[in-house]
Amino acid sequence: MATTTKPTLSGTMLVHADDELHEPEVAPSISVTTTFRAPNPLDNPVPREQYDMWNPDRHVYSRFTQNVSSRVERVLSKINDGYAITFASGLAASHAALVHFQPKRVAVTGGYPGFPVTIETYGRSRGDGALPIIDIDHDFQAGDLCWIETPLNPTGEARDIKYYADKVHAAGGWLIVDSTFAPPPIQYPFKWGADMVMHSGTKYFGGHSDLLCGVLIAP
């Protein structure tokens, strides 16, 4: 999509976005612990329903937060102008997005071949039959989720984010943009109406073919 918007990403964000989360070490230390020492439960206990495991005052359980993932998510949140959560893979992130929106139908055309399999897996888990898949250029209905990958993997075509955002929102649906092939500062999908952004961090965010990672970002 043609645009005259100037990139907003600066090197300072990449270097310093997570400063408050670590000590003076330059490179993040690898954390392998699964749990963290908890305070005495008798000292000012917080009711369970009031405790946010995703934003704790201190790390409790690495399934939710730990030293490395918290720093990664802080940097990704900053450079994407949103709130980022990391997952074990891009497909894990994709499945989590489907669970979040619970769409009636999914509109997707082309792109990474693993995603239709994820839709099928999610559909089986709902217990009400297969989740219908339609083309992104079909007419939308309320509850539809339009999933566009732009640029497209592996052929590189670009799709008009604003066009599909306006189209699906007018029908009462949502738009997710798989922006794996255009990380910041190349593309900022929230500026064009995306409701959520997904990245396979295995690609450009990882960069060295030594990492499996998925990222979901909410505005």
# chains A, B, ... in the order shown; residues from 1 in each chain; ligands from 1

call {"tool": "residues_around", "arguments": {"residues": "range 137-154 of chain A", "least_positions_apart": "3", "cutoff": "7 Å", "atoms": "only C-alpha atoms", "output": "list in words"}}
result
Pro103, Lys104, Arg105, Val106, Ala107, Val108, Gly111, Tyr112, Ile134, Glu157, Ala158, Arg159, Val168, Ala171, Gly172, Gly173, Trp174, Leu175, Ile176, Val177, Asp178, Ser179, Phe181 and Ala182 of chain A

call {"tool": "write_last_selection", "arguments": {"atoms": "C-alpha atoms", "output": "compact mmCIF listing (two decimals), in the first residue's frame"}}
result
# COMPACT_ATOMS: atom_id res chain seq x y z
CA PRO A 103 -14.90 -15.74 14.76
CA LYS A 104 -17.92 -17.16 12.95
CA ARG A 105 -15.91 -17.34 9.72
CA VAL A 106 -12.31 -16.62 8.72
CA ALA A 107 -11.44 -14.80 5.51
CA VAL A 108 -7.97 -15.68 4.26
CA GLY A 111 0.01 -16.89 2.38
CA TYR A 112 1.67 -19.19 4.88
CA ILE A 134 -13.95 -17.63 2.82
CA GLU A 157 2.55 -9.17 -2.93
CA ALA A 158 1.31 -6.27 -0.80
CA ARG A 159 -2.31 -5.87 0.27
CA VAL A 168 -14.67 -5.89 7.56
CA ALA A 171 -19.81 -5.55 8.49
CA GLY A 172 -19.09 -5.89 12.21
CA GLY A 173 -15.94 -8.01 12.00
CA TRP A 174 -12.24 -7.72 12.77
CA LEU A 175 -8.95 -7.48 10.91
CA ILE A 176 -5.71 -9.23 11.82
CA VAL A 177 -2.58 -8.43 9.84
CA ASP A 178 0.24 -10.95 9.58
CA SER A 179 3.07 -8.46 9.20
CA PHE A 181 7.53 -9.92 6.18
CA ALA A 182 7.25 -6.20 7.04

call {"tool": "residues_around", "arguments": {"residues": "Thr35 in chain A", "least_positions_apart": "5", "cutoff": "8 Å", "atoms": "only C-alpha atoms", "output": "ChimeraX atom specification"}}
result
/A:60-62

call {"tool": "residues_around", "arguments": {"residues": "Tyr122 in chain A", "least_positions_apart": "3", "cutoff": "10 Å", "atoms": "only C-alpha atoms", "output": "JSON, numbers by chain"}}
result
{"A": [94, 95, 96, 98, 99, 102, 116, 117, 118, 119, 125, 126, 127, 130, 131]}

call {"tool": "write_last_selection", "arguments": {"atoms": "C-alpha atoms", "output": "mmCIF file, in the first residue's frame"}}
result
data_model
loop_
_atom_site.group_PDB
_atom_site.id
_atom_site.type_symbol
_atom_site.label_atom_id
_atom_site.label_comp_id
_atom_site.auth_asym_id
_atom_site.auth_seq_id
_atom_site.Cartn_x
_atom_site.Cartn_y
_atom_site.Cartn_z
ATOM 1 C CA SER A 94 -2.220 -17.544 15.359
ATOM 2 C CA HIS A 95 -4.220 -20.084 17.351
ATOM 3 C CA ALA A 96 -4.322 -17.744 20.349
ATOM 4 C CA LEU A 98 -8.524 -17.283 16.947
ATOM 5 C CA VAL A 99 -9.325 -18.219 20.548
ATOM 6 C CA GLN A 102 -13.867 -16.591 18.335
ATOM 7 C CA PRO A 116 -5.388 -22.964 7.309
ATOM 8 C CA VAL A 117 -4.331 -26.017 9.327
ATOM 9 C CA THR A 118 -4.470 -23.878 12.465
ATOM 10 C CA ILE A 119 -7.999 -22.768 11.532
ATOM 11 C CA SER A 125 -11.820 -27.650 19.344
ATOM 12 C CA ARG A 126 -15.027 -25.579 19.293
ATOM 13 C CA GLY A 127 -17.191 -28.666 19.071
ATOM 14 C CA ALA A 130 -15.587 -26.930 10.908
ATOM 15 C CA LEU A 131 -14.967 -23.191 10.936
#

call {"tool": "select_by_dssp", "arguments": {"residues": "chain A", "states": "strand (DSSP E or B)", "output": "ChimeraX atom specification"}}
result
/A:35,61,83-87,105-107,133-134,144-149,174-178,196-200,214-218

call {"tool": "write_last_selection", "arguments": {"atoms": "N, CA and C atoms", "output": "CSV table (one decimal), in the first residue's frame"}}
result
chain,number,residue,atom,x,y,z
A,35,THR,N,10.0,-21.4,37.9
A,35,THR,CA,9.3,-20.7,39.0
A,35,THR,C,10.3,-19.8,39.7
A,61,TYR,N,5.9,-17.1,37.7
A,61,TYR,CA,5.9,-18.4,37.0
A,61,TYR,C,6.2,-18.1,35.5
A,83,TYR,N,0.8,-3.5,22.5
A,83,TYR,CA,1.1,-4.3,23.6
A,83,TYR,C,1.4,-5.7,23.1
A,84,ALA,N,2.6,-6.2,23.2
A,84,ALA,CA,3.0,-7.4,22.6
A,84,ALA,C,3.1,-8.5,23.6
A,85,ILE,N,2.7,-9.7,23.1
A,85,ILE,CA,2.9,-11.0,23.9
A,85,ILE,C,3.6,-12.0,23.0
A,86,THR,N,4.6,-12.7,23.6
A,86,THR,CA,5.3,-13.7,22.8
A,86,THR,C,4.7,-15.1,23.0
A,87,PHE,N,4.9,-15.9,22.0
A,87,PHE,CA,4.4,-17.3,22.0
A,87,PHE,C,5.6,-18.2,21.5
A,105,ARG,N,-16.6,-16.9,10.9
A,105,ARG,CA,-15.9,-17.3,9.7
A,105,ARG,C,-14.6,-16.6,9.7
A,106,VAL,N,-13.6,-17.2,8.9
A,106,VAL,CA,-12.3,-16.6,8.7
A,106,VAL,C,-12.1,-16.4,7.2
A,107,ALA,N,-11.7,-15.1,6.9
A,107,ALA,CA,-11.4,-14.8,5.5
A,107,ALA,C,-9.9,-14.8,5.3
A,133,ILE,N,-14.2,-21.1,6.0
A,133,ILE,CA,-13.1,-20.3,5.5
A,133,ILE,C,-13.6,-19.7,4.2
A,134,ILE,N,-13.5,-18.3,4.0
A,134,ILE,CA,-13.9,-17.6,2.8
A,134,ILE,C,-12.8,-16.8,2.3
A,144,ASP,N,-17.2,-12.0,11.4
A,144,ASP,CA,-16.1,-12.5,10.5
A,144,ASP,C,-14.8,-12.0,11.0
A,145,LEU,N,-13.7,-12.8,10.8
A,145,LEU,CA,-12.4,-12.3,11.0
A,145,LEU,C,-11.6,-12.4,9.7
A,146,CYS,N,-11.2,-11.2,9.2
A,146,CYS,CA,-10.4,-11.1,8.0
A,146,CYS,C,-8.9,-11.1,8.4
A,147,TRP,N,-8.2,-12.1,7.8
A,147,TRP,CA,-6.8,-12.3,8.1
A,147,TRP,C,-6.0,-12.1,6.9
A,148,ILE,N,-5.3,-11.0,6.8
A,148,ILE,CA,-4.5,-10.7,5.6
A,148,ILE,C,-3.0,-10.7,6.0
A,149,GLU,N,-2.3,-11.4,5.1
A,149,GLU,CA,-0.8,-11.4,5.3
A,149,GLU,C,-0.2,-10.5,4.2
A,174,TRP,N,-13.5,-8.2,12.3
A,174,TRP,CA,-12.2,-7.7,12.8
A,174,TRP,C,-11.2,-8.0,11.7
A,175,LEU,N,-10.1,-7.3,11.8
A,175,LEU,CA,-8.9,-7.5,10.9
A,175,LEU,C,-7.7,-7.8,11.7
A,176,ILE,N,-7.0,-8.9,11.3
A,176,ILE,CA,-5.7,-9.2,11.8
A,176,ILE,C,-4.7,-9.2,10.6
A,177,VAL,N,-3.6,-8.5,10.9
A,177,VAL,CA,-2.6,-8.4,9.8
A,177,VAL,C,-1.4,-9.3,10.3
A,178,ASP,N,-1.0,-10.2,9.4
A,178,ASP,CA,0.2,-11.0,9.6
A,178,ASP,C,1.3,-10.1,8.9
A,196,MET,N,-5.5,-6.3,15.4
A,196,MET,CA,-4.4,-7.1,16.0
A,196,MET,C,-3.3,-7.3,14.9
A,197,VAL,N,-2.1,-7.4,15.3
A,197,VAL,CA,-1.0,-7.7,14.4
A,197,VAL,C,-0.3,-9.0,14.9
A,198,MET,N,0.1,-9.9,14.0
A,198,MET,CA,0.8,-11.1,14.3
A,198,MET,C,2.1,-11.1,13.5
A,199,HIS,N,3.1,-11.6,14.2
A,199,HIS,CA,4.4,-11.8,13.6
A,199,HIS,C,4.9,-13.2,13.9
A,200,SER,N,5.4,-13.9,12.9
A,200,SER,CA,6.3,-15.1,13.2
A,200,SER,C,7.7,-14.5,13.4
A,214,GLY,N,6.5,-16.6,18.2
A,214,GLY,CA,5.3,-15.9,17.6
A,214,GLY,C,5.0,-14.7,18.5
A,215,VAL,N,4.4,-13.7,17.9
A,215,VAL,CA,4.1,-12.5,18.6
A,215,VAL,C,2.7,-12.0,18.2
A,216,LEU,N,1.9,-11.7,19.2
A,216,LEU,CA,0.6,-11.0,19.0
A,216,LEU,C,0.7,-9.6,19.6
A,217,ILE,N,0.2,-8.6,18.8
A,217,ILE,CA,0.3,-7.2,19.3
A,217,ILE,C,-1.1,-6.6,19.2
A,218,ALA,N,-1.6,-6.1,20.3
A,218,ALA,CA,-2.9,-5.4,20.4
A,218,ALA,C,-2.6,-3.9,20.5

call {"tool": "atom_distance", "arguments": {"atom1": "CA of Thr12 in chain A", "atom2": "CA of Gln187 in chain A"}}
result
18.4 Å

call {"tool": "atom_distance", "arguments": {"atom1": "CA of His169 in chain A", "atom2": "CA of Gly193 in chain A"}}
result
9.0 Å

call {"tool": "atom_distance", "arguments": {"atom1": "CA of Gly82 in chain A", "atom2": "CA of Tyr188 in chain A"}}
result
10.2 Å

call {"tool": "select_by_dssp", "arguments": {"residues": "range 36-199 of chain A", "states": "helix (DSSP H, G or I)", "output": "VMD selection string"}}
result
chain A and resid 48 to 50 67 to 80 90 to 101 114 to 126 161 to 170 189 to 192

call {"tool": "closest_residue", "arguments": {"among": "A:Gly207, A:Pro28, A:Gly123, A:Pro184", "to": "Lys78 in chain A", "atoms": "only C-alpha atoms"}}
result
A:Pro184
